[in-house]
Each structure stands twice: as C-alpha cells, then as structure tokens.
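Novice: PDB, C-alpha atoms, saved as query_15.pdb, coming up:
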ATOM      1  CA  MET K   5     110.819  68.872  46.592
ATOM      2  CA  ILE K   6     113.957  70.928  45.808
ATOM      3  CA  LEU K   7     111.803  73.844  44.637
ATOM      4  CA  ARG K   8     109.801  73.758  47.896
ATOM      5  CA  ILE K   9     113.020  73.832  49.953
ATOM      6  CA  ILE K  10     114.356  76.784  47.947
ATOM      7  CA  LEU K  11     111.068  78.671  48.343
ATOM      8  CA  SER K  12     111.071  77.946  52.090
ATOM      9  CA  VAL K  13     114.610  79.339  52.496
ATOM     10  CA  ILE K  14     113.707  82.450  50.470
ATOM     11  CA  THR K  15     110.528  83.000  52.496
ATOM     12  CA  THR K  16     112.415  82.721  55.805
ATOM     13  CA  TYR K  17     115.068  85.128  54.517
ATOM     14  CA  VAL K  18     112.460  87.714  53.464
ATOM     15  CA  LEU K  19     110.574  87.433  56.762
ATOM     16  CA  LEU K  20     113.731  87.894  58.795
ATOM     17  CA  LEU K  21     114.675  90.970  56.786
ATOM     18  CA  THR K  22     111.239  92.604  56.785
ATOM     19  CA  ALA K  23     109.672  91.647  60.123
ATOM     20  CA  PRO K  24     110.105  94.729  62.341
ATOM     21  CA  SER K  25     109.187  92.760  65.401
ATOM     22  CA  LEU K  26     112.142  90.380  65.546
ATOM     23  CA  ASN K  27     114.791  92.912  66.597
ATOM     24  CA  ILE K  28     117.774  90.605  66.099
ATOM     25  CA  PRO K  29     120.366  91.617  68.727
ATOM     26  CA  SER K  30     123.905  92.660  67.907
ATOM     27  CA  PHE K  31     125.622  89.732  69.618
ATOM     28  CA  TYR K  32     124.947  87.554  66.576
ATOM     29  CA  SER K  33     123.800  90.041  63.950
ATOM     30  CA  ASN K  34     126.812  89.161  61.792
ATOM     31  CA  ALA K  35     125.617  85.581  61.421
ATOM     32  CA  SER K  36     124.378  84.761  57.942
ATOM     33  CA  VAL K  37     120.753  83.776  57.516
ATOM     34  CA  LEU K  38     122.100  80.675  55.827
ATOM     35  CA  ASP K  39     124.164  79.877  58.953
ATOM     36  CA  LEU K  40     121.220  79.981  61.319
ATOM     37  CA  SER K  41     117.539  79.330  60.762
ATOM     38  CA  GLY K  42     114.953  81.855  61.917
ATOM     39  CA  ILE K  43     114.026  79.798  64.949
ATOM     40  CA  GLU K  44     117.695  79.350  65.896
ATOM     41  CA  LYS K  45     118.147  83.116  65.772
ATOM     42  CA  TYR K  46     115.085  83.554  67.940
ATOM     43  CA  GLU K  47     116.340  80.988  70.454
ATOM     44  CA  ARG K  48     119.682  82.805  70.636
ATOM     45  CA  TYR K  49     117.850  86.083  71.061
ATOM     46  CA  MET K  50     115.998  84.724  74.087
ATOM     47  CA  GLU K  51     119.212  83.311  75.557
ATOM     48  CA  GLY K  52     120.951  86.654  75.151
ATOM     49  CA  LEU K  53     118.062  88.583  76.654
ATOM     50  CA  TYR K  54     118.022  86.214  79.621
ATOM     51  CA  ARG K  55     121.705  86.917  80.262
ATOM     52  CA  ASP K  56     121.405  90.653  79.657
ATOM     53  CA  CYS K  57     118.594  90.881  82.222
ATOM     54  CA  GLY K  58     120.873  89.212  84.795
ATOM     55  CA  LEU K  59     118.529  86.304  85.407
ATOM     56  CA  GLN K  60     121.113  83.506  85.485
ATOM     57  CA  ASN K  61     121.051  83.118  89.262
ATOM     58  CA  MET K  62     117.408  84.097  89.705
ATOM     59  CA  MET K  63     115.317  82.032  87.317
ATOM     60  CA  ASP K  64     115.761  78.901  85.212
ATOM     61  CA  PHE K  65     116.149  79.747  81.544
ATOM     62  CA  SER K  66     113.308  77.379  80.609
ATOM     63  CA  VAL K  67     110.853  79.533  82.600
ATOM     64  CA  PHE K  68     112.018  82.722  80.897
ATOM     65  CA  ARG K  69     111.949  81.032  77.493
ATOM     66  CA  TRP K  70     108.320  79.972  77.851
ATOM     67  CA  ALA K  71     107.439  83.454  79.092
ATOM     68  CA  MET K  72     109.015  85.102  76.062
ATOM     69  CA  ILE K  73     107.377  82.691  73.636
ATOM     70  CA  GLY K  74     103.980  83.505  75.111
ATOM     71  CA  TYR K  75     104.820  87.208  75.105
ATOM     72  CA  GLY K  76     105.545  86.992  71.390
ATOM     73  CA  ASN K  77     102.321  85.173  70.624
ATOM     74  CA  LEU K  78     100.305  87.625  72.734
ATOM     75  CA  SER K  79     101.979  90.727  71.300
ATOM     76  CA  SER K  80      98.835  92.035  69.607
ATOM     77  CA  LYS K  81      97.003  92.032  72.960
ATOM     78  CA  ILE K  82      99.812  93.700  74.942
ATOM     79  CA  LYS K  83      99.641  97.493  75.173
ATOM     80  CA  LYS K  84     102.652  97.983  77.453
ATOM     81  CA  LYS K  85     105.440  96.615  75.306
ATOM     82  CA  GLY K  86     108.711  95.633  76.899
ATOM     83  CA  LEU K  87     107.304  94.675  80.280
ATOM     84  CA  ILE K  88     106.511  91.215  81.607
ATOM     85  CA  ALA K  89     105.674  89.794  85.028
ATOM     86  CA  ILE K  90     106.488  86.149  85.739
ATOM     87  CA  VAL K  91     105.401  84.192  88.801
ATOM     88  CA  ASP K  92     107.513  81.025  88.891
ATOM     89  CA  LEU K  93     105.300  78.553  90.725
ATOM     90  CA  THR K  94     107.813  75.733  90.390
ATOM     91  CA  ARG K  95     109.535  77.361  93.359
ATOM     92  CA  PRO K  96     108.421  77.105  97.005
ATOM     93  CA  SER K  97     106.249  79.889  98.366
ATOM     94  CA  LYS K  98     109.013  81.069 100.703
ATOM     95  CA  ASP K  99     111.106  82.063  97.668
ATOM     96  CA  LYS K 100     110.876  85.423  95.922
ATOM     97  CA  ARG K 101     109.187  84.027  92.847
ATOM     98  CA  PHE K 102     107.550  87.152  91.395
ATOM     99  CA  PHE K 103     109.611  88.946  88.743
ATOM    100  CA  LEU K 104     108.748  92.159  86.937
ATOM    101  CA  ILE K 105     111.177  92.535  84.054
ATOM    102  CA  ASP K 106     111.870  95.525  81.813
ATOM    103  CA  LEU K 107     112.798  93.905  78.495
ATOM    104  CA  ASN K 108     113.834  97.194  76.893
ATOM    105  CA  ASP K 109     116.269  98.299  79.604
ATOM    106  CA  LYS K 110     117.108  94.639  80.280
ATOM    107  CA  LYS K 111     116.730  94.619  84.031
ATOM    108  CA  VAL K 112     114.636  93.106  86.800
ATOM    109  CA  LEU K 113     112.512  95.863  88.311
ATOM    110  CA  TYR K 114     111.062  93.821  91.175
ATOM    111  CA  ASN K 115     111.730  90.379  92.607
ATOM    112  CA  THR K 116     109.488  89.606  95.554
ATOM    113  CA  LEU K 117     107.161  87.122  97.239
ATOM    114  CA  ALA K 118     103.878  86.015  95.661
ATOM    115  CA  ALA K 119     101.090  83.821  97.006
ATOM    116  CA  HIS K 120      99.328  80.901  95.362
ATOM    117  CA  GLY K 121      95.799  79.592  95.911
ATOM    118  CA  ASP K 122      94.603  78.001  99.167
ATOM    119  CA  ASN K 123      93.808  74.698  97.464
ATOM    120  CA  SER K 124      96.788  74.660  95.113
ATOM    121  CA  GLY K 125      99.163  73.400  97.784
ATOM    122  CA  GLY K 126     101.188  74.310 100.852
ATOM    123  CA  VAL K 127     104.870  75.080 100.480
ATOM    124  CA  TYR K 128     104.624  74.177  96.792
ATOM    125  CA  ALA K 129     101.776  74.826  94.371
ATOM    126  CA  LYS K 130     100.847  71.495  92.814
ATOM    127  CA  SER K 131      97.195  71.707  91.769
ATOM    128  CA  PHE K 132      95.645  74.287  89.455
ATOM    129  CA  SER K 133      92.199  75.110  88.164
ATOM    130  CA  ASN K 134      90.173  77.498  86.038
ATOM    131  CA  GLY K 135      87.040  76.531  87.939
ATOM    132  CA  PHE K 136      84.776  78.733  90.016
ATOM    133  CA  GLY K 137      84.933  78.227  93.768
ATOM    134  CA  THR K 138      88.113  76.149  93.643
ATOM    135  CA  ARG K 139      90.347  78.727  95.368
ATOM    136  CA  LYS K 140      93.171  77.450  93.179
ATOM    137  CA  THR K 141      95.728  79.279  91.084
ATOM    138  CA  SER K 142      95.077  79.417  87.340
ATOM    139  CA  LEU K 143      98.160  78.908  85.202
ATOM    140  CA  GLY K 144      98.804  80.778  82.009
ATOM    141  CA  PHE K 145      99.175  84.114  80.293
ATOM    142  CA  TYR K 146      97.250  87.183  81.378
ATOM    143  CA  VAL K 147      97.027  90.800  80.290
ATOM    144  CA  THR K 148      96.446  93.363  83.007
ATOM    145  CA  GLY K 149      93.419  95.632  83.012
ATOM    146  CA  GLU K 150      92.146  98.421  85.220
ATOM    147  CA  THR K 151      92.787  99.131  88.879
ATOM    148  CA  TYR K 152      90.172  99.365  91.641
ATOM    149  CA  HIS K 153      89.886  99.520  95.419
ATOM    150  CA  GLY K 154      88.445  96.374  96.943
ATOM    151  CA  LYS K 155      88.628  94.065  99.932
ATOM    152  CA  TYR K 156      92.426  94.068  99.818
ATOM    153  CA  GLY K 157      92.844  97.719  98.900
ATOM    154  CA  TYR K 158      94.410  98.850  95.656
ATOM    155  CA  SER K 159      94.104  95.962  93.199
ATOM    156  CA  LEU K 160      94.651  95.157  89.534
ATOM    157  CA  ARG K 161      92.259  93.167  87.365
ATOM    158  CA  MET K 162      93.572  90.694  84.832
ATOM    159  CA  ASP K 163      92.151  88.933  81.802
ATOM    160  CA  GLY K 164      93.253  85.338  81.244
ATOM    161  CA  TYR K 165      94.024  84.400  77.646
ATOM    162  CA  ASP K 166      94.849  80.713  78.089
ATOM    163  CA  ASP K 167      91.558  79.070  77.200
ATOM    164  CA  GLY K 168      90.713  76.277  79.634
ATOM    165  CA  PHE K 169      93.480  77.290  82.033
ATOM    166  CA  ASN K 170      92.772  80.867  83.134
ATOM    167  CA  SER K 171      89.977  82.139  80.895
ATOM    168  CA  ASN K 172      87.649  82.592  83.899
ATOM    169  CA  ALA K 173      90.112  84.837  85.719
ATOM    170  CA  ARG K 174      88.125  88.071  85.521
ATOM    171  CA  GLU K 175      84.877  86.414  86.596
ATOM    172  CA  ARG K 176      86.714  84.619  89.423
ATOM    173  CA  ALA K 177      88.281  87.927  90.520
ATOM    174  CA  ILE K 178      91.819  86.601  90.103
ATOM    175  CA  VAL K 179      93.676  89.889  90.568
ATOM    176  CA  ILE K 180      96.964  91.300  91.774
ATOM    177  CA  HIS K 181      96.696  92.889  95.209
ATOM    178  CA  GLY K 182      98.768  93.460  98.299
ATOM    179  CA  SER K 183      98.455  91.680 101.637
ATOM    180  CA  GLU K 184      99.964  92.420 105.036
ATOM    181  CA  ASP K 185     100.467  88.656 105.517
ATOM    182  CA  ILE K 186     102.748  88.280 102.492
ATOM    183  CA  ASN K 187     106.052  88.749 104.285
ATOM    184  CA  GLU K 188     109.137  87.044 105.675
ATOM    185  CA  GLU K 189     107.752  87.073 109.220
ATOM    186  CA  TYR K 190     104.826  84.876 108.181
ATOM    187  CA  ILE K 191     107.239  82.465 106.493
ATOM    188  CA  SER K 192     109.458  82.314 109.585
ATOM    189  CA  LYS K 193     106.470  81.460 111.746
ATOM    190  CA  HIS K 194     104.670  78.994 109.470
ATOM    191  CA  GLY K 195     107.401  77.632 107.188
ATOM    192  CA  MET K 196     105.510  78.801 104.098
ATOM    193  CA  LEU K 197     103.840  81.890 102.711
ATOM    194  CA  LYS K 198     100.191  82.591 103.420
ATOM    195  CA  THR K 199      97.977  81.373 100.575
ATOM    196  CA  SER K 200      95.178  83.255  98.805
ATOM    197  CA  GLY K 201      91.855  82.671  97.073
ATOM    198  CA  GLY K 202      93.804  82.101  93.874
ATOM    199  CA  CYS K 203      95.358  85.537  93.431
ATOM    200  CA  PRO K 204      99.120  86.127  93.125
ATOM    201  CA  ALA K 205      99.041  88.400  96.183
ATOM    202  CA  LEU K 206     102.147  90.533  96.800
ATOM    203  CA  PRO K 207     103.718  92.171  99.866
ATOM    204  CA  ALA K 208     101.695  95.218 100.878
ATOM    205  CA  GLY K 209     104.760  97.447 100.955
ATOM    206  CA  VAL K 210     105.474  97.134  97.221
ATOM    207  CA  SER K 211     102.134  96.149  95.723
ATOM    208  CA  LYS K 212     100.967  99.666  94.832
ATOM    209  CA  GLU K 213     104.097 100.631  92.943
ATOM    210  CA  ILE K 214     104.140  97.294  91.122
ATOM    211  CA  ILE K 215     100.469  97.625  90.184
ATOM    212  CA  ASP K 216     101.034 101.146  88.898
ATOM    213  CA  ARG K 217     103.830  99.840  86.672
ATOM    214  CA  MET K 218     101.757  96.963  85.365
ATOM    215  CA  LYS K 219      98.240  98.361  84.941
ATOM    216  CA  ASN K 220      96.471  98.737  81.607
ATOM    217  CA  GLY K 221      97.997  96.216  79.280
ATOM    218  CA  SER K 222     101.031  94.360  80.656
ATOM    219  CA  CYS K 223     101.778  90.675  80.096
ATOM    220  CA  VAL K 224     101.723  88.323  83.098
ATOM    221  CA  LEU K 225     102.608  84.621  83.249
ATOM    222  CA  LEU K 226     101.715  82.369  86.158
ATOM    223  CA  TYR K 227     104.049  79.497  85.327
ATOM    224  CA  HIS K 228     104.455  75.899  86.385
ATOM    225  CA  ASP K 229     106.045  72.998  84.491
ATOM    226  CA  ASN K 230     102.692  71.227  84.628
ATOM    227  CA  ASP K 231     102.474  68.735  81.754
ATOM    228  CA  GLU K 232      98.836  69.467  80.978
ATOM    229  CA  TYR K 233      99.546  73.167  80.742
ATOM    230  CA  LEU K 234     102.746  72.868  78.685
ATOM    231  CA  ARG K 235     100.959  70.590  76.219
ATOM    232  CA  GLY K 236      97.680  72.488  76.168
ATOM    233  CA  SER K 237      98.520  76.189  76.047
ATOM    234  CA  ALA K 238      97.918  77.853  72.689
ATOM    235  CA  TYR K 239     100.707  80.368  73.364
ATOM    236  CA  LEU K 240     103.748  78.133  73.733
ATOM    237  CA  ASN K 241     104.621  77.819  70.049
ATOM    238  CA  ALA K 242     108.073  79.232  69.331
ATOM    239  CA  ASP K 243     107.595  79.250  65.556
ATOM    240  CA  THR K 244     104.690  81.696  65.695
ATOM    241  CA  ALA K 245     106.225  83.744  68.521
ATOM    242  CA  MET K 246     109.325  84.356  66.420
ATOM    243  CA  PHE K 247     107.449  86.771  64.166
ATOM    244  CA  GLY K 248     104.994  88.099  66.772
ATOM    245  CA  TYR K 249     107.490  89.387  69.319
ATOM    246  CA  LEU K 250     107.524  93.174  69.792
ATOM    247  CA  LYS K 251     109.909  94.944  72.166
TER     248      LYS K 251
END
Before we go any further, please render this structure as structure tokens.
Specialist:
Amino acid sequence: MILRIILSVITTYVLLLTAPSLNIPSFYSNASVLDLSGIEKYERYMEGLYRDCGLQNMMDFSVFRWAMIGYGNLSSKIKKKGLIAIVDLTRPSKDKRFFLIDLNDKKVLYNTLAAHGDNSGGVYAKSFSNGFGTRKTSLGFYVTGETYHGKYGYSLRMDGYDDGFNSNARERAIVIHGSEDINEEYISKHGMLKTSGGCPALPAGVSKEIIDRMKNGSCVLLYHDNDEYLRGSAYLNADTAMFGYLK
C-alpha cells in the first residue's frame, strides 16, 4: 500500500513537470507539488483564468469550469487553440448568454444574445434533445467546421461530440447563423428572444464576424445544468482534462 502511494506521488510529480499542456500559471507556480495535488493545481488554474478573463460579473464560475474541463478533454479535436464559445442556457433568453472567449489574451471577445430551440422552452430553455425533427437545442460540446451560405445567410456548421446529446448536430443542421429577429427590440415586444429550429442563432449585426473568428476548429459548449447531461457527458472529467488542456 505504501509503495503504491509513493509511486502515485512520483507519477503525478513527473506528469506535472513534463506535460506541456498544463501551463501552470504564475499566480501559484511557487507552490510545491507536495503542497497541492495535480487536480488542485488545475482547479486553481481554472479559477485564475476565470478571474483574468473578467468573467466574475458575467458568468457563474461553475459554467466556465465545466467548459474548460470539456475543452481539455477535447483538445485533440480542437484546431483553434485558445478560443472557446459558451452559450449559457441556464440564463433567460433575454440575457446576453453567448460568450466568445480568447483564453490566450484572457478576454471576452463577444458577449451577445443567442437563441434556443422552439420546443426547448420560452423565456428559459428547459427541454433538450438530440432527436431529428424535435426543434430542440442539443446540449454539449461541439467543434466548428466549414462555413456556407444557406437559408439564414452566412452560417457555420458544427460537429457534436457529446454522444447521445448532440451527436446528430450536423445531420440536423444545428449551425451558428445570424437572424434579424435576434435583437433587443424583439425582446421588448415579446418578453423573450425569438426561438430557432435548435440553432444558437445570433444577432445579424455581429454573426459574420463571430463566425469568421470561430470557423474551422473552435470549441463550442451549449451548457445547461441539466442533471442527465452533467451525469452523462463523456467530457466532464476533470482528472483527464488536467493533462489534455492545451492553450
């Protein structure tokens, strides 16, 4: 038993020293490996990044934490490192719940409105599905693909990586696109944002520039504190994310 504990400590020490992907930040780089475990260092890293990005009054830390854990676990699939989009669907549709965050420069690039699916709910999104024809939002982690011009103009395809939650996204045409109805005027008139066929539609005035930033390999999370999703996603394991995270 003692030998196993010693070997475990040595293994953690070696991984922390050799893993190029962890990028331990300076605000606790003086801490001894024996003072903090690898996962504690990683948790502190996420807390520090959250503060450095100025998200304290914009997003709950728990949302950012889950996003970063998934980002770490998806790192091998992400071509555009250091960029993540989060749609916080715990918030009402009248809130600016879309965030595009530059993790390298530690700043929020865009914070704007985003729609949820017609059958996911009204003011709040409450019901989610990966099913065809449901017109519901699909929770989970995505990686962006190519752009195209379609029914709603310039649009961005996405591939869903959360099996059972958003894995049908490409076939369902769950994409990022702009809409003239995604605006404050619509909210003032109806008390909620216009819904979509399941896409996280954005305001038309900023959609093109956001899409151009995100196309071809960025990480996207459509998040809700839905119990089924939090228990069932394969990407919400902090232990594996700790060594998979790449800036």
Novice: Might you pull out every residue within 7 Å of K:Ser183, with all atoms listed in the file counted and same-chain residues fewer than 2 positions away left off, and present them as a CSV table (one decimal) with C-alpha atoms, in the frame of the given file?
Specialist:
chain,number,residue,atom,x,y,z
K,156,TYR,CA,92.4,94.1,99.8
K,181,HIS,CA,96.7,92.9,95.2
K,185,ASP,CA,100.5,88.7,105.5
K,186,ILE,CA,102.7,88.3,102.5
K,205,ALA,CA,99.0,88.4,96.2
K,206,LEU,CA,102.1,90.5,96.8
K,207,PRO,CA,103.7,92.2,99.9
K,208,ALA,CA,101.7,95.2,100.9
Novice: Can you tell me, as a PyMOL selection string, which residues sit within 12 Å of (97.7, 71.8, 94.8) in the file's frame, using all atoms listed in the file?
Specialist: chain K and resi 93-94+120-133+138-143+199+202+228+230
Novice: Point out the residue among K:Phe136, K:Phe103, K:Phe65, K:Tyr239 with the least atom-to-atom distance to K:Gly201, counting only C-alpha atoms.
Specialist: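 Checking each of K:Phe136, K:Phe103, K:Phe65, K:Tyr239 against K:Gly201, counting only C-alpha atoms, the winner is K:Phe136.
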Novice: In file coordinates, which residues lie within 9 Å of (105.1, 87.6, 96.0) using only C-alpha atoms, given as a PyMOL selection string?
Specialist: chain K and resi 91+97-103+115-120+182+186-187+197+204-207
Novice: Go ahead and save the picked residues with C-alpha atoms, as a compact mmCIF listing (two decimals), in the coordinates of the input.
Specialist:
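Result file out11.txt:
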# COMPACT_ATOMS: atom_id res chain seq x y z
CA VAL K 91 105.40 84.19 88.80
CA SER K 97 106.25 79.89 98.37
CA LYS K 98 109.01 81.07 100.70
CA ASP K 99 111.11 82.06 97.67
CA LYS K 100 110.88 85.42 95.92
CA ARG K 101 109.19 84.03 92.85
CA PHE K 102 107.55 87.15 91.40
CA PHE K 103 109.61 88.95 88.74
CA ASN K 115 111.73 90.38 92.61
CA THR K 116 109.49 89.61 95.55
CA LEU K 117 107.16 87.12 97.24
CA ALA K 118 103.88 86.02 95.66
CA ALA K 119 101.09 83.82 97.01
CA HIS K 120 99.33 80.90 95.36
CA GLY K 182 98.77 93.46 98.30
CA ILE K 186 102.75 88.28 102.49
CA ASN K 187 106.05 88.75 104.28
CA LEU K 197 103.84 81.89 102.71
CA PRO K 204 99.12 86.13 93.12
CA ALA K 205 99.04 88.40 96.18
CA LEU K 206 102.15 90.53 96.80
CA PRO K 207 103.72 92.17 99.87
Novice: For this file, the PyMOL selection byres ((chain K and resi 174) around 7) selects which residues, as a PyMOL selection string?
Specialist: chain K and resi 161-163+172-173+175-178
Novice: Using the chain letters and numbers from the file, which residues does the PyMOL selection byres ((chain K and resi 53) around 12) grab, as JSON, numbers by chain?
Specialist: {"K": [27, 28, 29, 30, 31, 46, 47, 48, 49, 50, 51, 52, 54, 55, 56, 57, 58, 59, 60, 65, 68, 69, 72, 86, 105, 106, 107, 108, 109, 110, 111, 112, 251]}
Novice: Under the PyMOL selection byres ((chain K and resi 83) around 12), which residues of this model are included? Write them out as a VMD selection string.
Specialist: chain K and resid 75 78 to 82 84 to 88 147 to 149 218 to 223 250 to 251
Novice: So how far away is atom CA of K:Ile214 from atom CA of K:Tyr114, in Å?
Specialist: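 Going from atom CA of K:Tyr114 over to atom CA of K:Ile214, I get 7.7 Å.
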Novice: Please, what distance in Å, to one decimal, runs between atom CA of K:Pro96 and atom CA of K:Asn134?
Specialist: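 Separation between atom CA of K:Pro96 and atom CA of K:Asn134: 21.3 Å.
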Novice: Quick one, how far is atom CA of K:Glu232 from atom CA of K:Ala89?
Specialist: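 Calculated distance between atom CA of K:Glu232 and atom CA of K:Ala89 is 21.8 Å.
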Novice: Check the smallest atom-to-atom distance from each of K:Glu188, K:Ile43, K:Lys212, K:Ser200 to K:His153 using all atoms listed in the file, then report the winner.
Specialist: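 Ranking K:Glu188, K:Ile43, K:Lys212, K:Ser200 by distance to K:His153, first place goes to K:Lys212.
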Novice: Could you work out an axis-aligned box for stretch 94-99 of chain K, taking every atom the file lists and adding 8 Å on each side, and report centre and edge lengths in Å to one decimal, as JSON?
Specialist:
{"center_x": 108.7, "center_y": 78.9, "center_z": 95.5, "size_x": 20.9, "size_y": 22.3, "size_z": 26.3}
Novice: May I ask which of the residues K:Trp70, K:Phe145, K:Tyr190, K:Tyr227 is the closest one to K:Asp167, counting all atoms listed in the file?
Specialist: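 Ranking K:Trp70, K:Phe145, K:Tyr190, K:Tyr227 by distance to K:Asp167, first place goes to K:Phe145.
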Novice: Pick from K:Val179, K:Ile215, K:Leu234, K:Ala242: nearest to K:Leu104, with only C-alpha atoms counted?
Specialist: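 Counting only C-alpha atoms, the residue closest to K:Leu104 is K:Ile215.
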Novice: For K:Ala245, find every residue with an atom within 8 Å (counting all atoms listed in the file), except residues of its own chain fewer than 5 positions away, and show them as a list in words.
Specialist: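 Returned residues: Ile73, Gly74, Tyr75, Gly76 and Asn77 of chain K.
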Novice: Looking at only C-alpha atoms, which of K:Asp243, K:Glu213, K:Glu150, K:Asp92 is the one that sits closest to K:Ala71?
Specialist: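 Among the listed residues, K:Asp92 lies closest to K:Ala71.
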Novice: Compare K:Ile90, K:Gly195, K:Tyr146, K:Lys45 by their minimum atom-to-atom distance to K:Val67, counting all atoms listed in the file, and give me the closest one.
Specialist: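 Selected residue with least distance to K:Val67: K:Ile90.
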